[in-house]
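Since the structure comes first, as C-alpha cells, the remarks are kept for the end.
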Amino acid sequence: YLWVIPNGDAEQEQQDAIRNHPLLQGVDDVMVNLGRSGHAAMVATSTLLLAAGQTADGTWNLFAIDKKPVNNFLQLSTSSHHDMVDIRFGYTNVGRNFNPALGFVRRRDMISYIVAGSYSPRFGRGKSLIQQISISGNASVTEGQDHRKQSSRIGGSLRLSFVRRDALNMSYSRSYERLDFPFFIRDAQIPADEYTTNSFSIGGITDPSRRGWIRANVGTGDFWGGTRTTFGGSFGFRYSKHFKLEGGVNHSVIDLPSVFESFGATTLSLVLQGATSRKLFANALIQYDNFSHDLQANIRIDWIHTPGSDLFFVFNTSYNFTGKDDQFDPRSATLNDRIGVAKITYLVML
C-alpha cells in the first residue's frame with residue numbers, strides 16, 4: 001500500500017489525554033489522532049477516496065481523501081563561507097504522509113525556506129579591547145503542502161569578542177506560529193489561534209578555555225498570548241585534563257492571560273566528563289525540572305578499542321519526586337524507567 005490513515009477522528013477527550021500525557025511532553029511528532037474502531041463505508045474515484053466517519057465531536061461526515069498524497073522528503077542547502085562573511089540558504093519539503101523509516105522529522109506536511117548570514121570583522125590585532133564583532137541575521141518561512149503559512153521567524157544577533165576571549169551576546173527575534181489545536185501548560189489551556197512573538201535576550205560568557213568559567217543570560221518576550229522572562233547561568237570547572245564538570249540553572253517566569261497569577265519553571269543540570277586516555281572516556285548528564293518533578297540521569301561510556309571502532313555503554317534512569325499538593329518530596333521517589341544499552345562497532349577495511 002502507499003499510505004494508511006486513521007478511520008475518522010478519535011474522540012476529542014482521547015486526543016487531549018494523549019496530547020497532555022506527562023510522559024509525552026516535549027516529544028516531537030506524537031500521533032494524537034488514532035481514529036476510531038470499526039469499518040467505514042468507502043467509494044473510490046479516479047483521484048479520491050470517499051469515506052464516511054466521525055469527527056472529534058462525534059458528528060458524522062463524508063471525508064474526501066486524495067489517493068496520491070504527497071509522501072516525499074527533499075532537503076537542499078547551500079552556503080558560502082569566508083573569513084568575515086557567511087551566507088546560507090536552505091529548502092526543505094516534507095510530505096503529509098512521509099515516513100522516515102529511520103530517525104525522525106520534526107514536522108510533516110511542510111515546505112520550509114531559510115536564509116541566514118553573518119559578517120564578522122576583526123580589529124586591533126590583539127591590542128584593542130574588542131577583538132571581533134559578529135553581526136548575524138536569519139529569516140525563515142514554513143508553510144503546509146496546501147501553501148498555507150504555518151510559521152515564520154526573523155531575527156538578528158550581535159556578538160562582541162574581547163581581548164581575553166570573553167564574549168557578550170545580544171539577540172532579537174520576531175516569530176509567527178499558527179496553532180491549529182489547543183494544548184495545556186499545567187492548568188492553562190493555550191487556545192488554537194495565530195500568535196506573534198517578540199523576544200530579546202542578552203548574555204555573556206568568560207573564556208571557556210580557562211580552568212574555570214561562567215555563563216549568564218537573561219531574556220524576555222511574548223509567550224502564547226502572555227509573557228515569559230528567563231534567567232539562566234552556568235559554571236564550569238576543569239579539575240585536570242582527565243576530568244571537568246559544568247552545572248547550570250535556568251528559571252522562567254511565565255504569565256498567561258488564562259492563569260490568575262504567574263508561575264515559574266526551573267531546570268537544574270550537571271554535566272560530568274572524564275577520560276583515562278584518548279581511548280576511554282565517559283559523560284554523565286543529570287537533570288531535574290520542577291514541572292514534572294523528574295530527576296533524570298544519562299551516563300555514556302565509550303571505549304575506542306581500535307581506530308574507527310567503538311564499544312558504547314549507555315545507561316538512562318529517571319525518578320519522579322511528586323509528593324502531596326504536587327510538590328517536590330524526596331521521600332516519594334518513584335522509578336519512571338531504567339534502560340541500559342550496549343553497542344559495538346567495528347571498522348573493516350576492504
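If you're wondering about the labels, chains in the C-alpha cells are A, B, ... by order shown, residues count from 1 in each chain, ligands from 1 in order shown.
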
* Tell me, as an MDAnalysis selection string, which residues lie within 12 Å of range 323-340 of chain A, counting only C-alpha atoms; anything in the same chain fewer than 6 positions away does not count. => chainID A and resid 22:23 186 288:301 312:317

* Quick one: DSSP helix (DSSP H, G or I) residues in range 80-327 of chain A, as a PyMOL selection string? -> chain A and resi 124-126+324-326

With range 262-280 of chain A as the partner and 6 Å as the cut-off, tabulate the residues of range 290-324 of chain A that qualify, each row holding the nearest pair of atoms and their distance in Å to one decimal, using only C-alpha atoms, sorted by chain and rising number, as a Markdown table.
| residue | atom | partner | partner_atom | distance |
| --- | --- | --- | --- | --- |
| A:Asn290 | CA | A:Thr266 | CA | 5.7 |
| A:Asp302 | CA | A:Leu280 | CA | 5.9 |
| A:Trp303 | CA | A:Leu280 | CA | 4.5 |
| A:Ile304 | CA | A:Lys279 | CA | 4.8 |

Export, as a JSON list (two decimals), in the first residue's frame, the selected residues with C-alpha atoms.
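As a result, result10.json now contains:
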[["chain", "number", "residue", "atom", "x", "y", "z"],
["A", 290, "ASN", "CA", 10.08, 21.41, 38.76],
["A", 302, "ASP", "CA", 32.89, 4.99, 25.09],
["A", 303, "TRP", "CA", 35.88, 2.73, 24.52],
["A", 304, "ILE", "CA", 37.69, 3.07, 21.19]]

Do you know which residues are at most 10 Å from Ser258 in chain A counting only C-alpha atoms, after dropping those on the same chain fewer than 5 positions away, and could you put them as a PDB file with N, CA, C and O atoms, in the first residue's frame?
ATOM      1  N   ASP A 187      -2.243  23.929  34.177  1.00  0.00           N
ATOM      2  CA  ASP A 187      -3.698  24.006  34.129  1.00  0.00           C
ATOM      3  C   ASP A 187      -4.194  25.063  33.141  1.00  0.00           C
ATOM      4  O   ASP A 187      -5.396  25.304  33.052  1.00  0.00           O
ATOM      5  N   ALA A 188      -3.283  25.678  32.424  1.00  0.00           N
ATOM      6  CA  ALA A 188      -3.657  26.737  31.491  1.00  0.00           C
ATOM      7  C   ALA A 188      -3.804  26.172  30.081  1.00  0.00           C
ATOM      8  O   ALA A 188      -2.885  25.525  29.569  1.00  0.00           O
ATOM      9  N   GLN A 189      -4.960  26.405  29.467  1.00  0.00           N
ATOM     10  CA  GLN A 189      -5.172  25.968  28.100  1.00  0.00           C
ATOM     11  C   GLN A 189      -4.721  27.063  27.136  1.00  0.00           C
ATOM     12  O   GLN A 189      -5.118  28.216  27.252  1.00  0.00           O
ATOM     13  N   ILE A 190      -3.885  26.674  26.176  1.00  0.00           N
ATOM     14  CA  ILE A 190      -3.453  27.578  25.114  1.00  0.00           C
ATOM     15  C   ILE A 190      -4.383  27.336  23.936  1.00  0.00           C
ATOM     16  O   ILE A 190      -4.341  26.278  23.313  1.00  0.00           O
ATOM     17  N   PRO A 191      -5.274  28.286  23.622  1.00  0.00           N
ATOM     18  CA  PRO A 191      -6.271  28.049  22.572  1.00  0.00           C
ATOM     19  C   PRO A 191      -5.653  28.085  21.176  1.00  0.00           C
ATOM     20  O   PRO A 191      -4.602  28.696  20.948  1.00  0.00           O
ATOM     21  N   GLY A 225       0.435  34.339  23.913  1.00  0.00           N
ATOM     22  CA  GLY A 225      -0.537  35.319  24.369  1.00  0.00           C
ATOM     23  C   GLY A 225      -0.197  35.967  25.689  1.00  0.00           C
ATOM     24  O   GLY A 225      -0.864  36.918  26.102  1.00  0.00           O
ATOM     25  N   GLY A 226       0.834  35.485  26.366  1.00  0.00           N
ATOM     26  CA  GLY A 226       1.299  36.074  27.621  1.00  0.00           C
ATOM     27  C   GLY A 226       2.738  36.521  27.490  1.00  0.00           C
ATOM     28  O   GLY A 226       3.179  36.936  26.416  1.00  0.00           O
TER      29      GLY A 226
END

Please identify every residue of range 220-312 of chain A that has at least one atom no farther than 12 Å from an atom of range 155-176 of chain A, counting only C-alpha atoms, and for each give the shortest atom pair and the distance in Å to one decimal, arranged by chain then increasing number, as CSV.
residue,atom,partner,partner_atom,distance
A:Thr220,CA,A:Tyr172,CA,9.9
A:Gly221,CA,A:Ser173,CA,9.3
A:Asp222,CA,A:Arg174,CA,9.6
A:Phe223,CA,A:Ser175,CA,10.7
A:Trp224,CA,A:Tyr176,CA,10.4
A:Gly225,CA,A:Tyr176,CA,11.7

* DSSP says strand (DSSP E) for which residues of range 12-233 of chain A? Put them as number ranges by chain? -> A: 42-44, 48-54, 60-66, 73-81, 85-94, 110-119, 130-143, 149-162, 167-179, 183-185, 188-190, 193-205, 212-223, 226-233

* Which residue of A:Gly53, A:Pro307, A:Pro6, A:Gly90 approaches Met31 in chain A most closely, using only C-alpha atoms ->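 For Met31 in chain A, the nearest of the candidates is A:Pro6.
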
* Which residues come within 8 Å of range 208-211 of chain A, counting only C-alpha atoms, excluding same-chain residues fewer than 5 positions away, as a ChimeraX atom specification? -> /A:236-239
